[in-house]
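For reference, coords37.tsv is printed below; it contains TSV, C-alpha atoms and all ligand atoms.
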chain	number	residue	atom	x	y	z
I	1	MET	CA	-5.48	-59.66	-9.64
I	2	SER	CA	-7.49	-62.87	-9.53
I	3	GLY	CA	-6.53	-65.04	-6.58
I	4	LEU	CA	-3.55	-62.88	-5.65
I	5	THR	CA	-3.23	-61.56	-2.13
I	6	PRO	CA	-1.95	-58.02	-2.41
I	7	ARG	CA	1.14	-57.01	-0.55
I	8	LEU	CA	0.74	-54.11	1.83
I	9	LEU	CA	1.60	-50.56	0.81
I	10	ARG	CA	4.06	-50.35	3.67
I	11	ASP	CA	6.08	-53.00	1.80
I	12	GLU	CA	6.31	-50.64	-1.20
I	13	ALA	CA	7.24	-47.50	0.75
I	14	PRO	CA	8.60	-45.00	0.23
I	15	PHE	CA	6.95	-44.18	-3.08
I	16	ASP	CA	6.47	-40.90	-4.93
I	17	LEU	CA	3.52	-39.59	-6.90
I	18	ALA	CA	1.97	-36.35	-8.16
I	19	LEU	CA	-1.47	-35.06	-7.25
I	20	ASP	CA	-3.81	-33.96	-10.06
I	21	ASP	CA	-2.74	-30.35	-9.46
I	22	GLY	CA	0.92	-31.31	-10.02
I	23	LEU	CA	2.10	-31.32	-6.37
I	24	ARG	CA	4.81	-33.98	-6.08
I	25	ILE	CA	4.91	-35.89	-2.83
I	26	SER	CA	6.66	-38.81	-1.25
I	27	LEU	CA	4.70	-41.19	0.95
I	28	ARG	CA	5.89	-43.49	3.70
I	29	PRO	CA	4.95	-44.75	7.16
I	30	ILE	CA	5.89	-42.57	10.12
I	31	VAL	CA	8.67	-44.06	12.22
I	32	LYS	CA	10.16	-43.39	15.64
I	33	SER	CA	12.91	-41.16	14.25
I	34	ASP	CA	10.23	-38.73	12.91
I	35	GLU	CA	9.71	-37.17	16.35
I	36	ALA	CA	11.51	-33.91	15.51
I	37	ARG	CA	9.84	-33.78	12.07
I	38	VAL	CA	6.39	-34.10	13.67
I	39	GLN	CA	7.26	-31.33	16.12
I	40	ARG	CA	8.33	-29.08	13.22
I	41	ALA	CA	5.20	-29.98	11.23
I	42	TYR	CA	3.11	-28.89	14.21
I	43	GLU	CA	4.67	-25.43	13.89
I	44	LEU	CA	3.18	-25.11	10.38
I	45	LEU	CA	-0.35	-25.46	11.74
I	46	SER	CA	-2.73	-22.60	12.39
I	47	GLU	CA	-4.27	-22.30	15.86
I	48	ASP	CA	-7.55	-23.62	14.46
I	49	SER	CA	-5.92	-26.71	12.99
I	50	ARG	CA	-4.02	-27.35	16.23
I	51	MET	CA	-7.26	-27.13	18.18
I	52	ASN	CA	-9.10	-29.31	15.67
I	53	ARG	CA	-6.52	-32.06	15.73
I	54	PHE	CA	-5.17	-31.93	19.28
I	55	TRP	CA	-8.04	-30.33	21.24
I	56	GLU	CA	-5.59	-27.74	22.57
I	57	LYS	CA	-3.12	-25.36	20.97
I	58	PRO	CA	0.16	-25.19	22.88
I	59	LYS	CA	2.96	-23.22	21.20
I	60	GLU	CA	5.02	-26.37	20.77
I	61	LEU	CA	4.17	-30.05	20.54
I	62	SER	CA	5.66	-31.74	23.60
I	63	LEU	CA	8.28	-34.43	23.10
I	64	SER	CA	6.04	-36.96	24.87
I	65	ARG	CA	3.19	-36.22	22.46
I	66	ALA	CA	5.51	-36.43	19.45
I	67	ALA	CA	6.82	-39.72	20.81
I	68	ARG	CA	3.30	-41.11	21.07
I	69	LEU	CA	2.45	-40.01	17.52
I	70	THR	CA	5.55	-41.69	16.11
I	71	ASP	CA	5.32	-44.85	18.20
I	72	THR	CA	4.00	-46.97	15.33
I	73	ASP	CA	3.97	-50.75	15.10
I	74	ASP	CA	2.54	-51.78	11.68
I	75	THR	CA	-0.78	-53.15	12.98
I	76	GLY	CA	-2.01	-51.47	16.18
I	77	HIS	CA	-0.89	-47.92	15.43
I	78	VAL	CA	-0.30	-47.23	11.76
I	79	ALA	CA	0.65	-43.73	10.57
I	80	TRP	CA	1.70	-42.30	7.20
I	81	ILE	CA	3.19	-39.01	6.16
I	82	ALA	CA	3.30	-37.07	2.87
I	83	ILE	CA	6.60	-35.24	2.52
I	84	ARG	CA	8.40	-33.22	-0.14
I	85	PRO	CA	10.69	-35.35	-2.28
I	86	ASP	CA	14.31	-34.13	-2.31
I	87	ASP	CA	13.80	-31.67	0.56
I	88	ASP	CA	14.27	-33.34	3.90
I	89	ASP	CA	14.19	-30.03	5.75
I	90	PHE	CA	10.51	-29.54	4.92
I	91	PRO	CA	8.62	-31.34	7.71
I	92	GLY	CA	5.65	-32.57	5.68
I	93	TYR	CA	2.38	-31.73	3.96
I	94	ALA	CA	0.14	-34.08	5.89
I	95	GLY	CA	-0.07	-37.10	8.17
I	96	ALA	CA	-2.77	-39.60	9.04
I	97	SER	CA	-3.00	-42.52	11.39
I	98	PHE	CA	-5.20	-45.14	12.93
I	99	TRP	CA	-5.11	-46.65	16.38
I	100	ARG	CA	-6.69	-50.07	16.62
I	101	ASP	CA	-9.30	-50.52	19.34
I	102	ALA	CA	-7.91	-52.63	22.20
I	103	ALA	CA	-11.33	-54.23	22.80
I	104	ASP	CA	-12.21	-54.94	19.15
I	105	ALA	CA	-9.39	-55.47	16.66
I	106	SER	CA	-11.73	-54.87	13.70
I	107	ARG	CA	-12.19	-51.23	14.74
I	108	ALA	CA	-9.71	-48.36	14.63
I	109	GLU	CA	-9.73	-44.65	15.42
I	110	LEU	CA	-8.72	-42.40	12.55
I	111	ALA	CA	-6.92	-39.04	12.77
I	112	PHE	CA	-5.58	-36.54	10.21
I	113	THR	CA	-3.39	-33.49	10.11
I	114	VAL	CA	-3.00	-31.55	6.88
I	115	ALA	CA	-0.86	-28.38	6.95
I	116	ASP	CA	-3.11	-25.39	6.39
I	117	ALA	CA	-1.51	-24.22	3.14
I	118	TRP	CA	-2.10	-27.63	1.55
I	119	GLN	CA	-5.63	-28.37	2.68
I	120	ARG	CA	-8.38	-29.17	0.18
I	121	ARG	CA	-6.01	-30.65	-2.38
I	122	GLY	CA	-6.93	-34.24	-1.68
I	123	LEU	CA	-4.17	-35.07	0.81
I	124	ALA	CA	-6.47	-36.39	3.56
I	125	THR	CA	-8.29	-38.46	0.95
I	126	LEU	CA	-5.02	-39.86	-0.39
I	127	LEU	CA	-3.72	-40.80	3.07
I	128	PHE	CA	-7.10	-42.25	3.97
I	129	SER	CA	-6.98	-44.53	0.93
I	130	ILE	CA	-3.62	-45.85	2.16
I	131	LEU	CA	-4.94	-46.50	5.67
I	132	TRP	CA	-8.04	-48.13	4.18
I	133	PHE	CA	-5.94	-50.36	1.93
I	134	ASP	CA	-3.42	-51.58	4.50
I	135	GLY	CA	-6.02	-51.49	7.29
I	136	TRP	CA	-8.43	-53.67	5.33
I	137	HIS	CA	-5.73	-56.25	4.71
I	138	CYS	CA	-4.85	-56.21	8.43
I	139	GLY	CA	-8.45	-56.87	9.46
I	140	ILE	CA	-9.84	-53.36	10.05
I	141	ARG	CA	-13.54	-53.20	9.13
I	142	HIS	CA	-14.68	-50.00	10.82
I	143	PHE	CA	-13.13	-46.57	11.31
I	144	TYR	CA	-14.36	-44.10	13.86
I	145	GLY	CA	-13.37	-40.73	15.23
I	146	SER	CA	-14.61	-37.52	16.74
I	147	CYS	CA	-14.13	-33.85	16.09
I	148	ARG	CA	-15.22	-30.48	17.41
I	149	LEU	CA	-18.59	-29.16	16.27
I	150	LYS	CA	-16.65	-26.25	14.79
I	151	ASN	CA	-14.67	-28.63	12.60
I	152	VAL	CA	-16.85	-28.30	9.52
I	153	ALA	CA	-14.04	-29.57	7.27
I	154	MET	CA	-13.69	-32.92	9.04
I	155	ALA	CA	-17.45	-33.44	9.30
I	156	ALA	CA	-17.92	-32.63	5.59
I	157	TRP	CA	-15.03	-34.86	4.58
I	158	TRP	CA	-16.37	-37.78	6.64
I	159	HIS	CA	-19.83	-37.31	5.14
I	160	ASP	CA	-18.31	-37.24	1.64
I	161	MET	CA	-16.74	-40.62	2.37
I	162	GLY	CA	-20.16	-42.08	3.10
I	163	GLY	CA	-19.59	-42.07	6.85
I	164	VAL	CA	-22.07	-41.31	9.62
I	165	VAL	CA	-21.71	-37.91	11.31
I	166	GLU	CA	-23.67	-37.55	14.56
I	167	ALA	CA	-23.76	-34.29	16.46
I	168	GLY	CA	-23.42	-34.57	20.22
I	169	GLN	CA	-23.40	-31.69	22.70
I	170	ARG	CA	-19.77	-30.75	22.10
I	171	THR	CA	-18.46	-33.04	19.37
I	172	TYR	CA	-19.35	-34.88	16.21
I	173	GLN	CA	-19.10	-38.64	16.52
I	174	LEU	CA	-17.85	-40.10	13.24
I	175	SER	CA	-18.08	-43.66	12.00
I	176	LEU	CA	-17.56	-45.49	8.75
I	177	ASP	CA	-17.99	-49.17	7.87
I	178	LEU	CA	-15.35	-50.31	5.41
I	179	ILE	CA	-15.85	-52.52	2.39
I	180	SER	CA	-13.03	-54.17	0.47
I	181	PRO	CA	-11.03	-51.95	-1.94
I	182	GLU	CA	-12.37	-54.03	-4.84
I	183	ALA	CA	-15.96	-53.58	-3.63
I	184	LEU	CA	-15.55	-49.80	-3.35
I	185	ILE	CA	-14.07	-49.57	-6.85
I	186	HIS	CA	-17.01	-51.58	-8.20
I	187	GLN	CA	-19.56	-49.56	-6.23
I	188	VAL	CA	-18.15	-46.25	-7.44
I	189	SER	CA	-18.11	-47.47	-11.04
I	190	TYR	CA	-21.62	-48.93	-11.10
I	191	GLY	CA	-23.49	-47.62	-8.06
I	192	MET	CA	-25.27	-44.36	-7.24
I	193	PRO	CA	-23.27	-41.21	-8.06
I	194	PRO	CA	-20.88	-40.84	-5.10
I	195	SER	CA	-19.03	-37.72	-3.92
I	196	TYR	CA	-16.00	-36.49	-5.82
I	197	ARG	CA	-13.72	-37.38	-2.88
I	198	LEU	CA	-15.07	-40.94	-2.73
I	199	VAL	CA	-14.35	-41.34	-6.46
I	200	GLU	CA	-10.83	-40.07	-5.71
I	201	THR	CA	-10.52	-42.67	-2.92
I	202	ALA	CA	-11.57	-45.43	-5.32
I	203	ASP	CA	-9.01	-44.18	-7.89
I	204	TRP	CA	-6.23	-44.37	-5.30
I	205	LEU	CA	-7.37	-47.83	-4.16
I	206	ARG	CA	-7.21	-48.98	-7.78
I	207	GLN	CA	-3.63	-47.71	-7.96
I	208	TRP	CA	-2.73	-49.44	-4.68
I	209	LEU	CA	-4.08	-52.74	-6.00
I	210	GLU	CA	-1.87	-52.37	-9.07
I	211	LEU	CA	1.16	-51.30	-7.04
I	212	THR	CA	0.89	-54.25	-4.67
I	213	SER	CA	0.00	-56.98	-7.15
I	214	ASP	CA	2.64	-58.91	-9.03
I	215	GLY	CA	0.92	-58.22	-12.34
I	216	PRO	CA	0.58	-60.66	-15.18
I	217	SER	CA	3.34	-63.26	-15.31
P	301	LIG	C1	-10.10	-32.03	7.94
P	301	LIG	C2	-8.85	-32.17	7.09
P	301	LIG	C3	-8.12	-33.42	7.55
P	301	LIG	C4	-9.24	-32.32	5.61
P	301	LIG	O1	-8.04	-32.52	4.87
P	301	LIG	P1	-7.92	-32.10	3.33
P	301	LIG	O2	-6.61	-32.60	2.83
P	301	LIG	O3	-8.20	-30.66	3.18
P	301	LIG	O4	-9.12	-32.93	2.69
P	301	LIG	P2	-9.25	-33.39	1.18
P	301	LIG	O5	-8.65	-32.34	0.30
P	301	LIG	O6	-8.77	-34.78	1.02
P	301	LIG	O7	-10.82	-33.43	1.02
P	301	LIG	C5	-11.50	-32.23	0.90
P	301	LIG	C6	-12.92	-32.46	1.38
P	301	LIG	O8	-12.98	-32.32	2.82
P	301	LIG	C7	-14.06	-31.43	3.15
P	301	LIG	N1	-13.48	-30.14	3.50
P	301	LIG	C8	-12.16	-29.86	3.65
P	301	LIG	N2	-12.00	-28.58	4.03
P	301	LIG	C9	-13.23	-28.04	4.09
P	301	LIG	C10	-13.72	-26.77	4.46
P	301	LIG	N3	-12.88	-25.79	4.80
P	301	LIG	N4	-15.04	-26.55	4.44
P	301	LIG	C11	-15.91	-27.54	4.08
P	301	LIG	N5	-15.50	-28.79	3.74
P	301	LIG	C12	-14.18	-29.03	3.76
P	301	LIG	C13	-14.92	-31.35	1.90
P	301	LIG	O9	-15.73	-32.50	1.90
P	301	LIG	C14	-13.86	-31.42	0.82
P	301	LIG	O10	-14.35	-31.87	-0.42
P	301	LIG	P3	-14.39	-30.84	-1.64
P	301	LIG	O11	-13.05	-30.17	-1.69
P	301	LIG	O12	-14.66	-31.72	-2.84
P	301	LIG	O13	-15.51	-29.90	-1.31
P	301	LIG	C15	-7.94	-30.91	7.21
P	301	LIG	O14	-8.76	-29.76	7.06
P	301	LIG	C16	-7.16	-30.82	8.51
P	301	LIG	O15	-6.12	-31.45	8.68
P	301	LIG	N6	-7.63	-30.00	9.47
P	301	LIG	C17	-6.88	-29.76	10.72
P	301	LIG	C18	-6.79	-30.98	11.62
P	301	LIG	C19	-8.11	-31.70	11.75
P	301	LIG	O16	-9.18	-31.10	11.82
P	301	LIG	N7	-8.05	-33.02	11.79
P	301	LIG	C20	-9.25	-33.82	11.89
P	301	LIG	C21	-9.54	-34.23	13.27
P	301	LIG	S1	-8.69	-35.74	13.62

Give the structure from the file, written as structure tokens.
Ligand SMILES: CC(C)(COP(=O)(O)OP(=O)(O)OC[C@H]1O[C@@H](n2cnc3c(N)ncnc32)[C@H](O)[C@@H]1OP(=O)(O)O)[C@@H](O)C(=O)NCCC(=O)NCCS
Amino acid sequence: MSGLTPRLLRDEAPFDLALDDGLRISLRPIVKSDEARVQRAYELLSEDSRMNRFWEKPKELSLSRAARLTDTDDTGHVAWIAIRPDDDDFPGYAGASFWRDAADASRAELAFTVADAWQRRGLATLLFSILWFDGWHCGIRHFYGSCRLKNVAMAAWWHDMGGVVEAGQRTYQLSLDLISPEALIHQVSYGMPPSYRLVETADWLRQWLELTSDGPS
């Protein structure tokens, strides 16, 4: 890797991989033409997940909301989706995105949606590693977010990542300072024992460095 500037993962997309439990997925950025897919994916969510992600639980995701979620631009609003290879009818296992802060380009708000049947298999962690990798190389240094106090899963996940979780009256405020992918890999290898999910993040980041480097010539 020495001296090489990695390409971004978006330049490699789409790419396929298998999770440790054997689930095969295809990963790529979300694009404008995913509106209908995102609406169908919403239908796979439980009421709790709808409420946790969207703060309301309408029966259908409105077209305007789907349009906003798919209105990506590579730097200000970056979103990725995990879909089923060879089955375009299946809307997707999970999606994640960041919106860069208009007032401070080094900060971005993070959001996730993992379909209920596929939660706790590492999909949020995998998508996060992608947003970390490309985000870092586009100047993001801090992720933040918020979630309902009832959203134990998000708060626990954020804590596992080494983030700060602060309880307010109605929400948790979430924040996480980023370090470079190389620094995280080093820290996980030689630092204090981290959480399992942070080790997983470092493993993905290692793979992203390999995928985006030109390798030995
Ligand atoms: C929160 C959410 C994104 C986590 O996604 P995920 O793919 O299940 O997360 P991962 O498998 O990568 O990581 C699992 C970790 O998250 C936390 N977690 C996930 N579900 C949990 C639960 N039900 N209870 C406690 N902790 C939980 C734990 O830290 C867990 O680590 P462990 O499995 O080693 O104990 C997912 O539950 C989700 O999409 N929920 C609905 C929408 C939402 O809440 N979005 C977040 C607000 S933007």

For segment 195-199 of chain I, work out the shell of residues within 7 Å, counting only C-alpha atoms and skipping chain neighbours fewer than 6 positions away, then give it as an mmCIF file with C-alpha atoms, in the coordinates of the input.
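Output (part.cif):
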data_model
loop_
_atom_site.group_PDB
_atom_site.id
_atom_site.type_symbol
_atom_site.label_atom_id
_atom_site.label_comp_id
_atom_site.auth_asym_id
_atom_site.auth_seq_id
_atom_site.Cartn_x
_atom_site.Cartn_y
_atom_site.Cartn_z
ATOM 1 C CA THR I 125 -8.290 -38.460 0.950
ATOM 2 C CA ASP I 160 -18.310 -37.240 1.640
ATOM 3 C CA MET I 161 -16.740 -40.620 2.370
ATOM 4 C CA VAL I 188 -18.150 -46.250 -7.440
#

**OP:** Give the residues close to ligand LIG 301 (chain P), within 10 Å, counting all atoms listed in the file; write them as a count of residues only.
**Re:** 59

Per-residue nearest contacts of segment 70-167 of chain I to segment 24-34 of chain I (7 Å; all atoms listed in the file) as a tab-separated table:
residue	atom	partner	partner_atom	distance
I:Thr70	CA	I:Lys32	CA	4.9
I:Asp71	CA	I:Lys32	CA	5.7
I:Thr72	CA	I:Val31	CA	6.3
I:Ala79	CA	I:Ile30	CA	5.4
I:Trp80	CA	I:Pro29	CA	4.1
I:Ile81	CA	I:Arg28	CA	5.8
I:Ala82	CA	I:Leu27	CA	4.8
I:Ile83	CA	I:Ser26	CA	5.2
I:Arg84	CA	I:Ile25	CA	5.2
I:Pro85	CA	I:Ser26	CA	5.4

Take the residues that were just selected and, keeping C-alpha atoms, output them as a tab-separated table (two decimals), in the frame of the given file.
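The new file again.tsv reads:
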chain	number	residue	atom	x	y	z
I	70	THR	CA	5.55	-41.69	16.11
I	71	ASP	CA	5.32	-44.85	18.20
I	72	THR	CA	4.00	-46.97	15.33
I	79	ALA	CA	0.65	-43.73	10.57
I	80	TRP	CA	1.70	-42.30	7.20
I	81	ILE	CA	3.19	-39.01	6.16
I	82	ALA	CA	3.30	-37.07	2.87
I	83	ILE	CA	6.60	-35.24	2.52
I	84	ARG	CA	8.40	-33.22	-0.14
I	85	PRO	CA	10.69	-35.35	-2.28

Using all atoms listed in the file, the residue out of I:Ile185, I:Leu8, I:Ala36, I:Leu211 with shortest distance to Ser62 of chain I is I:Ala36

Give me, as a Markdown table, the closest atom pair and its distance (Å, one decimal) for every residue of segment 138-195 of chain I within a cut-off of 8 Å of segment 100-108 of chain I, counting all atoms listed in the file, rows sorted by chain and rising number.
| residue | atom | partner | partner_atom | distance |
| --- | --- | --- | --- | --- |
| I:Gly139 | CA | I:Ser106 | CA | 5.7 |
| I:Ile140 | CA | I:Ser106 | CA | 4.4 |
| I:Arg141 | CA | I:Ser106 | CA | 5.2 |
| I:His142 | CA | I:Arg107 | CA | 4.8 |
| I:Phe143 | CA | I:Ala108 | CA | 5.1 |
| I:Tyr144 | CA | I:Ala108 | CA | 6.4 |

Write to file, as a PDB file, keeping the file's coordinate frame, the residues of the selection just made, with C-alpha atoms.
ATOM      1  CA  GLY I 139      -8.450 -56.870   9.460  1.00  0.00           C
ATOM      2  CA  ILE I 140      -9.840 -53.360  10.050  1.00  0.00           C
ATOM      3  CA  ARG I 141     -13.540 -53.200   9.130  1.00  0.00           C
ATOM      4  CA  HIS I 142     -14.680 -50.000  10.820  1.00  0.00           C
ATOM      5  CA  PHE I 143     -13.130 -46.570  11.310  1.00  0.00           C
ATOM      6  CA  TYR I 144     -14.360 -44.100  13.860  1.00  0.00           C
TER       7      TYR I 144
END

Which is closer to Gln39 of chain I than all the others in I:Glu56, I:Gly22, I:Leu178, I:Leu61, using only C-alpha atoms?
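With only C-alpha atoms as the atom set, the closest residue is I:Leu61.
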
Pairwise distance for atom CA of Gly92 of chain I and atom CA of Glu35 of chain I, rounded to one decimal in Å |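 Going from atom CA of Gly92 of chain I over to atom CA of Glu35 of chain I, I get 12.3 Å.
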
Residue with the minimum atom-to-atom distance to Arg37 of chain I, picked from I:Asp89, I:Asp73, I:Asp177, I:Glu60 with only C-alpha atoms counted, is I:Asp89

note - atom CA of Phe15 of chain I and atom CA of Thr212 of chain I are separated by 11.9 Å

Using only C-alpha atoms, the shortest atom-to-atom distance to Ile179 of chain I among I:Met192, I:Ala167, I:Ala202, I:Ala41 belongs to I:Ala202

Please define a box with edges along x, y and z of the file around all atoms of segment 115-134 of chain I given in the file, extend it by 5 Å on each side, and return its centre and edge lengths in Å to one decimal, as AutoDock Vina command-line options.
--center_x -4.6 --center_y -37.9 --center_z 2.3 --size_x 17.5 --size_y 37.4 --size_z 19.3

Spatial neighbours of Leu149 of chain I, 7 Å, all atoms listed in the file, chain gap at least 3 places, as a compact mmCIF listing (two decimals) with C-alpha atoms, in the coordinates of the input:
# COMPACT_ATOMS: atom_id res chain seq x y z
CA ARG I 170 -19.77 -30.75 22.10
CA THR I 171 -18.46 -33.04 19.37
CA TYR I 172 -19.35 -34.88 16.21

So, counting only C-alpha atoms, which residue among I:Arg65, I:Lys57, I:Asp134, I:Gly191 is closest to Asp11 of chain I?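 Among I:Arg65, I:Lys57, I:Asp134, I:Gly191, it is I:Asp134 that comes nearest to Asp11 of chain I.
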
Nearest to His137 of chain I, restricted to all atoms listed in the file and choosing among I:Ser175, I:Gln187, I:Gln169, I:Thr75, comes out as I:Thr75

Here atom CA of Val78 of chain I and atom CA of Gly135 of chain I stand apart by 8.4 Å
